[in-house]
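Text of the file structure.csv, holding CSV, C-alpha atoms and all ligand atoms:
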```csv
chain,number,residue,atom,x,y,z
A,1,MET,CA,-106.1,-194.3,38.1
A,2,THR,CA,-105.4,-192.5,34.8
A,3,ASP,CA,-101.8,-191.2,34.5
A,4,PRO,CA,-102.3,-187.4,34.4
A,5,LEU,CA,-99.3,-186.9,32.2
A,6,LYS,CA,-100.3,-189.4,29.6
A,7,THR,CA,-101.6,-188.2,26.2
A,8,PRO,CA,-103.0,-190.0,23.2
A,9,GLU,CA,-100.6,-190.7,20.4
A,10,ILE,CA,-99.5,-187.4,18.9
A,11,ILE,CA,-99.6,-187.0,15.2
A,12,PRO,CA,-97.9,-183.8,14.0
A,13,SER,CA,-99.5,-181.8,11.2
A,14,LEU,CA,-96.9,-180.7,8.7
A,15,PHE,CA,-99.1,-177.8,7.5
A,16,ALA,CA,-98.3,-176.0,10.7
A,17,ALA,CA,-94.6,-176.0,10.1
A,18,ASP,CA,-92.6,-173.3,8.3
A,19,PRO,CA,-93.2,-174.2,4.6
A,20,LEU,CA,-89.6,-173.3,3.7
A,21,ARG,CA,-88.3,-175.7,6.4
A,22,TYR,CA,-90.5,-178.8,5.9
A,23,CYS,CA,-87.5,-181.0,5.7
A,24,ASP,CA,-86.1,-179.7,9.1
A,25,ALA,CA,-89.7,-180.1,10.6
A,26,LEU,CA,-89.9,-183.7,9.4
A,27,LYS,CA,-86.4,-184.4,10.9
A,28,ALA,CA,-87.7,-183.0,14.2
A,29,VAL,CA,-90.8,-185.3,14.0
A,30,GLU,CA,-88.5,-188.3,13.4
A,31,ARG,CA,-86.4,-187.3,16.4
A,32,SER,CA,-89.5,-187.1,18.6
A,33,GLU,CA,-91.4,-190.2,19.6
A,34,CYS,CA,-94.0,-189.6,16.9
A,35,ARG,CA,-94.4,-192.3,14.3
A,36,ARG,CA,-97.0,-190.7,12.0
A,37,ILE,CA,-97.4,-187.5,10.1
A,38,HIS,CA,-100.7,-185.8,9.3
A,39,LEU,CA,-100.8,-184.1,5.8
A,40,ASP,CA,-103.6,-181.6,5.3
A,41,ILE,CA,-104.7,-181.2,1.7
A,42,MET,CA,-106.8,-178.1,1.0
A,43,ASP,CA,-108.2,-177.0,-2.3
A,44,GLY,CA,-109.5,-173.5,-1.6
A,45,HIS,CA,-113.1,-174.7,-2.2
A,46,PHE,CA,-114.0,-177.2,0.4
A,47,VAL,CA,-112.1,-174.9,2.9
A,48,PRO,CA,-111.0,-171.3,2.3
A,49,ASN,CA,-107.3,-172.1,2.1
A,50,ILE,CA,-104.9,-173.9,-0.1
A,51,SER,CA,-102.1,-176.1,1.2
A,52,PHE,CA,-100.0,-178.6,-0.8
A,53,GLY,CA,-100.6,-181.6,-3.0
A,54,ALA,CA,-99.4,-185.1,-3.9
A,55,SER,CA,-95.9,-184.1,-4.8
A,56,VAL,CA,-95.3,-183.1,-1.2
A,57,VAL,CA,-96.7,-186.4,0.0
A,58,ALA,CA,-94.4,-188.2,-2.4
A,59,ALA,CA,-91.4,-186.2,-1.2
A,60,VAL,CA,-92.2,-187.1,2.4
A,61,ALA,CA,-92.6,-190.8,1.5
A,62,LYS,CA,-89.2,-190.8,-0.2
A,63,GLU,CA,-87.2,-189.0,2.4
A,64,PHE,CA,-89.0,-190.1,5.6
A,65,PRO,CA,-90.3,-193.6,4.7
A,66,ARG,CA,-90.6,-194.6,8.4
A,67,LEU,CA,-93.3,-191.9,9.1
A,68,PHE,CA,-96.8,-193.3,8.6
A,69,ARG,CA,-98.6,-190.9,6.2
A,70,GLU,CA,-102.2,-190.0,6.9
A,71,ILE,CA,-103.8,-187.7,4.4
A,72,HIS,CA,-106.7,-185.4,5.5
A,73,LEU,CA,-108.5,-184.5,2.3
A,74,MET,CA,-110.3,-181.1,2.6
A,75,VAL,CA,-111.2,-181.0,-1.1
A,76,GLN,CA,-114.4,-180.8,-3.0
A,77,ASN,CA,-113.8,-183.8,-5.2
A,78,PRO,CA,-111.5,-186.2,-3.4
A,79,GLN,CA,-112.2,-189.1,-5.7
A,80,GLN,CA,-110.4,-187.2,-8.5
A,81,HIS,CA,-107.2,-187.3,-6.4
A,82,PHE,CA,-107.2,-190.8,-4.8
A,83,GLU,CA,-105.0,-192.4,-7.4
A,84,ALA,CA,-102.4,-189.6,-7.2
A,85,PHE,CA,-102.3,-189.7,-3.4
A,86,ILE,CA,-102.1,-193.5,-3.2
A,87,LYS,CA,-99.4,-193.5,-5.8
A,88,SER,CA,-97.4,-190.9,-3.8
A,89,GLY,CA,-97.4,-192.9,-0.7
A,90,ALA,CA,-100.6,-192.2,1.3
A,91,GLN,CA,-101.2,-194.9,3.9
A,92,ARG,CA,-104.5,-193.7,5.3
A,93,LEU,CA,-107.0,-191.3,3.6
A,94,PHE,CA,-109.6,-189.2,5.4
A,95,ILE,CA,-112.5,-187.8,3.4
A,96,HIS,CA,-115.1,-185.4,4.8
A,97,ILE,CA,-118.6,-186.7,5.5
A,98,GLU,CA,-119.9,-183.2,4.7
A,99,LEU,CA,-119.2,-183.7,1.0
A,100,ALA,CA,-122.2,-183.4,-1.4
A,101,PRO,CA,-124.1,-186.7,-1.0
A,102,GLU,CA,-123.5,-187.9,-4.6
A,103,VAL,CA,-119.8,-187.0,-4.4
A,104,LEU,CA,-119.5,-188.8,-1.0
A,105,ALA,CA,-121.3,-191.9,-2.3
A,106,GLY,CA,-118.9,-192.1,-5.3
A,107,ALA,CA,-115.9,-191.5,-3.1
A,108,VAL,CA,-116.8,-194.2,-0.6
A,109,HIS,CA,-117.6,-196.7,-3.4
A,110,CYS,CA,-114.2,-196.0,-4.9
A,111,LEU,CA,-112.3,-196.3,-1.6
A,112,GLN,CA,-114.0,-199.6,-0.9
A,113,SER,CA,-112.7,-201.0,-4.1
A,114,LYS,CA,-109.1,-200.0,-3.3
A,115,ASN,CA,-106.6,-201.6,-1.0
A,116,ILE,CA,-106.2,-198.5,1.2
A,117,ASP,CA,-107.0,-197.7,4.8
A,118,TRP,CA,-109.5,-194.9,5.0
A,119,GLY,CA,-112.0,-193.1,7.3
A,120,PHE,CA,-114.3,-190.2,7.6
A,121,ALA,CA,-113.4,-186.7,8.8
A,122,VAL,CA,-116.2,-184.9,10.6
A,123,ASN,CA,-116.7,-181.1,11.1
A,124,PRO,CA,-117.6,-179.6,14.4
A,125,GLU,CA,-121.1,-178.7,13.4
A,126,THR,CA,-122.0,-182.1,11.9
A,127,SER,CA,-124.5,-183.8,14.3
A,128,ILE,CA,-124.4,-187.3,15.6
A,129,GLU,CA,-127.8,-187.8,13.9
A,130,THR,CA,-126.3,-187.0,10.6
A,131,LEU,CA,-123.5,-189.5,11.3
A,132,GLN,CA,-126.1,-192.1,12.1
A,133,THR,CA,-127.6,-191.8,8.6
A,134,TYR,CA,-124.2,-193.0,7.4
A,135,GLN,CA,-124.0,-195.9,10.0
A,136,ASP,CA,-123.5,-198.6,7.3
A,137,TRP,CA,-120.4,-196.9,5.9
A,138,ILE,CA,-119.1,-195.9,9.2
A,139,SER,CA,-119.4,-199.4,10.5
A,140,LYS,CA,-117.0,-200.5,7.7
A,141,THR,CA,-114.3,-198.1,8.8
A,142,GLN,CA,-112.0,-198.2,11.8
A,143,HIS,CA,-110.9,-194.6,12.1
A,144,LEU,CA,-112.7,-191.3,12.5
A,145,LEU,CA,-111.0,-187.9,12.4
A,146,LEU,CA,-113.1,-185.6,14.5
A,147,MET,CA,-112.4,-181.9,13.9
A,148,SER,CA,-112.1,-179.7,17.0
A,149,VAL,CA,-111.7,-176.5,14.9
A,150,HIS,CA,-113.4,-175.4,11.7
A,151,PRO,CA,-111.0,-176.8,9.1
A,152,GLY,CA,-108.8,-174.7,6.9
A,153,PHE,CA,-106.2,-173.2,9.2
A,154,CYS,CA,-103.8,-174.3,11.9
A,155,GLY,CA,-103.2,-172.4,15.1
A,156,GLN,CA,-106.9,-172.0,15.9
A,157,THR,CA,-108.6,-172.4,19.4
A,158,PHE,CA,-109.9,-175.8,20.4
A,159,ILE,CA,-113.7,-176.0,20.5
A,160,LYS,CA,-114.6,-177.2,24.0
A,161,GLU,CA,-117.8,-178.9,22.9
A,162,THR,CA,-115.6,-181.5,21.4
A,163,TYR,CA,-115.2,-183.3,24.7
A,164,GLU,CA,-119.0,-184.0,24.8
A,165,ARG,CA,-118.9,-185.0,21.2
A,166,VAL,CA,-116.2,-187.5,22.0
A,167,LYS,CA,-118.3,-189.1,24.7
A,168,GLU,CA,-121.4,-189.2,22.4
A,169,LEU,CA,-119.3,-190.7,19.5
A,170,ARG,CA,-117.9,-193.4,21.9
A,171,GLY,CA,-121.4,-194.3,22.8
A,172,HIS,CA,-122.8,-194.5,19.3
A,173,PHE,CA,-119.8,-195.9,17.5
A,174,PRO,CA,-117.8,-197.9,20.1
A,175,HIS,CA,-115.7,-199.7,17.4
A,176,LEU,CA,-114.1,-196.5,16.1
A,177,LYS,CA,-110.6,-195.3,16.9
A,178,LEU,CA,-110.9,-191.6,17.4
A,179,CYS,CA,-108.4,-189.0,16.3
A,180,ILE,CA,-109.1,-185.4,17.2
A,181,ASP,CA,-107.8,-182.7,15.0
A,182,GLY,CA,-107.4,-178.9,15.6
A,183,GLY,CA,-106.2,-176.5,18.3
A,184,ILE,CA,-104.8,-179.3,20.6
A,185,ARG,CA,-102.1,-178.5,23.1
A,186,THR,CA,-100.9,-180.7,26.0
A,187,PRO,CA,-103.8,-179.9,28.3
A,188,GLU,CA,-106.4,-180.8,25.7
A,189,ALA,CA,-104.5,-183.9,24.8
A,190,GLN,CA,-104.5,-185.0,28.4
A,191,ARG,CA,-108.2,-184.5,28.8
A,192,LEU,CA,-108.8,-186.4,25.6
A,193,GLN,CA,-106.7,-189.2,26.9
A,194,GLU,CA,-109.0,-189.5,29.9
A,195,LEU,CA,-111.9,-189.8,27.5
A,196,GLY,CA,-110.2,-192.8,25.8
A,197,VAL,CA,-109.2,-191.0,22.6
A,198,GLU,CA,-106.5,-193.0,20.6
A,199,SER,CA,-104.7,-190.2,18.9
A,200,VAL,CA,-104.6,-186.4,18.4
A,201,VAL,CA,-103.3,-184.2,15.6
A,202,MET,CA,-101.0,-181.4,16.8
A,203,GLY,CA,-99.8,-178.7,14.5
A,204,ALA,CA,-98.9,-175.3,15.9
A,205,ALA,CA,-98.3,-176.5,19.5
A,206,PHE,CA,-96.0,-179.4,18.3
A,207,PHE,CA,-93.8,-177.2,16.2
A,208,LYS,CA,-93.6,-174.5,18.8
A,209,LYS,CA,-92.4,-177.1,21.3
A,210,VAL,CA,-89.7,-179.0,19.2
A,211,SER,CA,-86.6,-177.3,17.9
A,212,VAL,CA,-86.8,-177.4,14.1
B,301,LIG,C1,-107.1,-177.8,10.2
B,301,LIG,C2,-106.2,-179.0,9.9
B,301,LIG,C3,-105.4,-179.4,11.1
B,301,LIG,C4,-104.4,-178.4,11.6
B,301,LIG,C5,-103.9,-178.8,12.9
B,301,LIG,O1,-107.8,-177.6,9.0
B,301,LIG,O2,-107.0,-180.1,9.5
B,301,LIG,O3,-104.8,-180.7,10.9
B,301,LIG,O4,-103.4,-178.3,10.7
B,301,LIG,O5,-103.1,-177.7,13.4
B,301,LIG,P1,-103.3,-177.0,14.9
B,301,LIG,O6,-103.0,-178.1,15.9
B,301,LIG,O7,-102.4,-175.9,14.8
B,301,LIG,O8,-104.8,-176.6,15.0
B,302,ZN,ZN,-106.1,-182.1,9.5
```
Taking this structure as input, can you express it in the form of structure tokens?
Ligand code: DX5
Ligand code: ZN
Amino acid sequence: MTDPLKTPEIIPSLFAADPLRYCDALKAVERSECRRIHLDIMDGHFVPNISFGASVVAAVAKEFPRLFREIHLMVQNPQQHFEAFIKSGAQRLFIHIELAPEVLAGAVHCLQSKNIDWGFAVNPETSIETLQTYQDWISKTQHLLLMSVHPGFCGQTFIKETYERVKELRGHFPHLKLCIDGGIRTPEAQRLQELGVESVVMGAAFFKKVSV
């Protein structure tokens, strides 16, 4: 029987913390059982918000080297920034599959030539059929970041259709480790655990729970 209190691995999203207290927030992450940190990069074009850049990733890497750094790139031209993020200590990069096709092709080609762990991030409205057209690329990756909110902001409401999408994705791409991102609190995390999800990003709910 599934343990009802079990959740997938929780990966806190720094973007949801008080920007004037990132250091305290990261100390709270270290004190918790979490071993990874999710860093949301937004350029104000791919999503209607701006977050932070490679200098923040470098500072996190320097001061909190034990936290595995995964970078969620919500930017129109990610390839332009790969070098900077890798240099600053990124350990896994996620690029959005909804990028313009030629931009996506260039980015995938570039990532495949680098010694970096990477995967696709997928928006709530992107169909499984669309993903199937990228089957070849997806089969070469191990991780998929499935959005359960429209990207751009933390503290949004979890989109319930995500549960069905998880089941579909599991069926079509059984090799993938799924990480679900957006609007997740403990109840959603528990339900996702029952669906076999490996990890969840938690922003607002995480930083509300821990004392920073
Ligand atoms: C949304 C981001 C998420 C977000 C998670 O664009 O990709 O990672 O910061 O925060 P919560 O859990 O508050 O939705
Ligand atoms: Zn994210």
Surrounding residues as a list in words, ligand ZN 302 (chain B), max 8 Å, all atoms listed in the file: Ser13, His38, Leu39, Asp40, Ile41, Ile71, His72, Leu73, Met147, Pro151, Asp181, Gly182 and Val201 of chain A
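You will find CA of Leu145 (chain A) at 26.4 Å from CA of Val212 (chain A).
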Radius query 12 Å about (-124.4, -182.8, 14.3), atoms used: only C-alpha atoms, as a ChimeraX atom specification: /A:97-98,122-133,146,161-162,164-165,168-169
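Coordinates place CA of Val60 (chain A) at a distance of 19.6 Å from atom O7 of ligand LIG 301 (chain B).
Among the candidate residues A:Lys177, A:Lys62, A:His143, A:Lys114, the one lying nearest to Phe94 (chain A) is A:His143, with distances computed using all atoms listed in the file.
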Given 6 Å and all atoms listed in the file, residues near ligand LIG 301 (chain B) as a ChimeraX atom specification: /A:13,15-16,40,151-156,181-184,202-204
Store the residues of this selection in a file with C-alpha atoms, as a PDB file, keeping the file's coordinate frame.
```pdb
ATOM      1  CA  SER A  13     -99.500-181.800  11.200  1.00  0.00           C
ATOM      2  CA  PHE A  15     -99.100-177.800   7.500  1.00  0.00           C
ATOM      3  CA  ALA A  16     -98.300-176.000  10.700  1.00  0.00           C
ATOM      4  CA  ASP A  40    -103.600-181.600   5.300  1.00  0.00           C
ATOM      5  CA  PRO A 151    -111.000-176.800   9.100  1.00  0.00           C
ATOM      6  CA  GLY A 152    -108.800-174.700   6.900  1.00  0.00           C
ATOM      7  CA  PHE A 153    -106.200-173.200   9.200  1.00  0.00           C
ATOM      8  CA  CYS A 154    -103.800-174.300  11.900  1.00  0.00           C
ATOM      9  CA  GLY A 155    -103.200-172.400  15.100  1.00  0.00           C
ATOM     10  CA  GLN A 156    -106.900-172.000  15.900  1.00  0.00           C
ATOM     11  CA  ASP A 181    -107.800-182.700  15.000  1.00  0.00           C
ATOM     12  CA  GLY A 182    -107.400-178.900  15.600  1.00  0.00           C
ATOM     13  CA  GLY A 183    -106.200-176.500  18.300  1.00  0.00           C
ATOM     14  CA  ILE A 184    -104.800-179.300  20.600  1.00  0.00           C
ATOM     15  CA  MET A 202    -101.000-181.400  16.800  1.00  0.00           C
ATOM     16  CA  GLY A 203     -99.800-178.700  14.500  1.00  0.00           C
ATOM     17  CA  ALA A 204     -98.900-175.300  15.900  1.00  0.00           C
TER      18      ALA A 204
END
```
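In this structure, CA of Trp118 (chain A) sits 11.1 Å away from CA of Trp137 (chain A).
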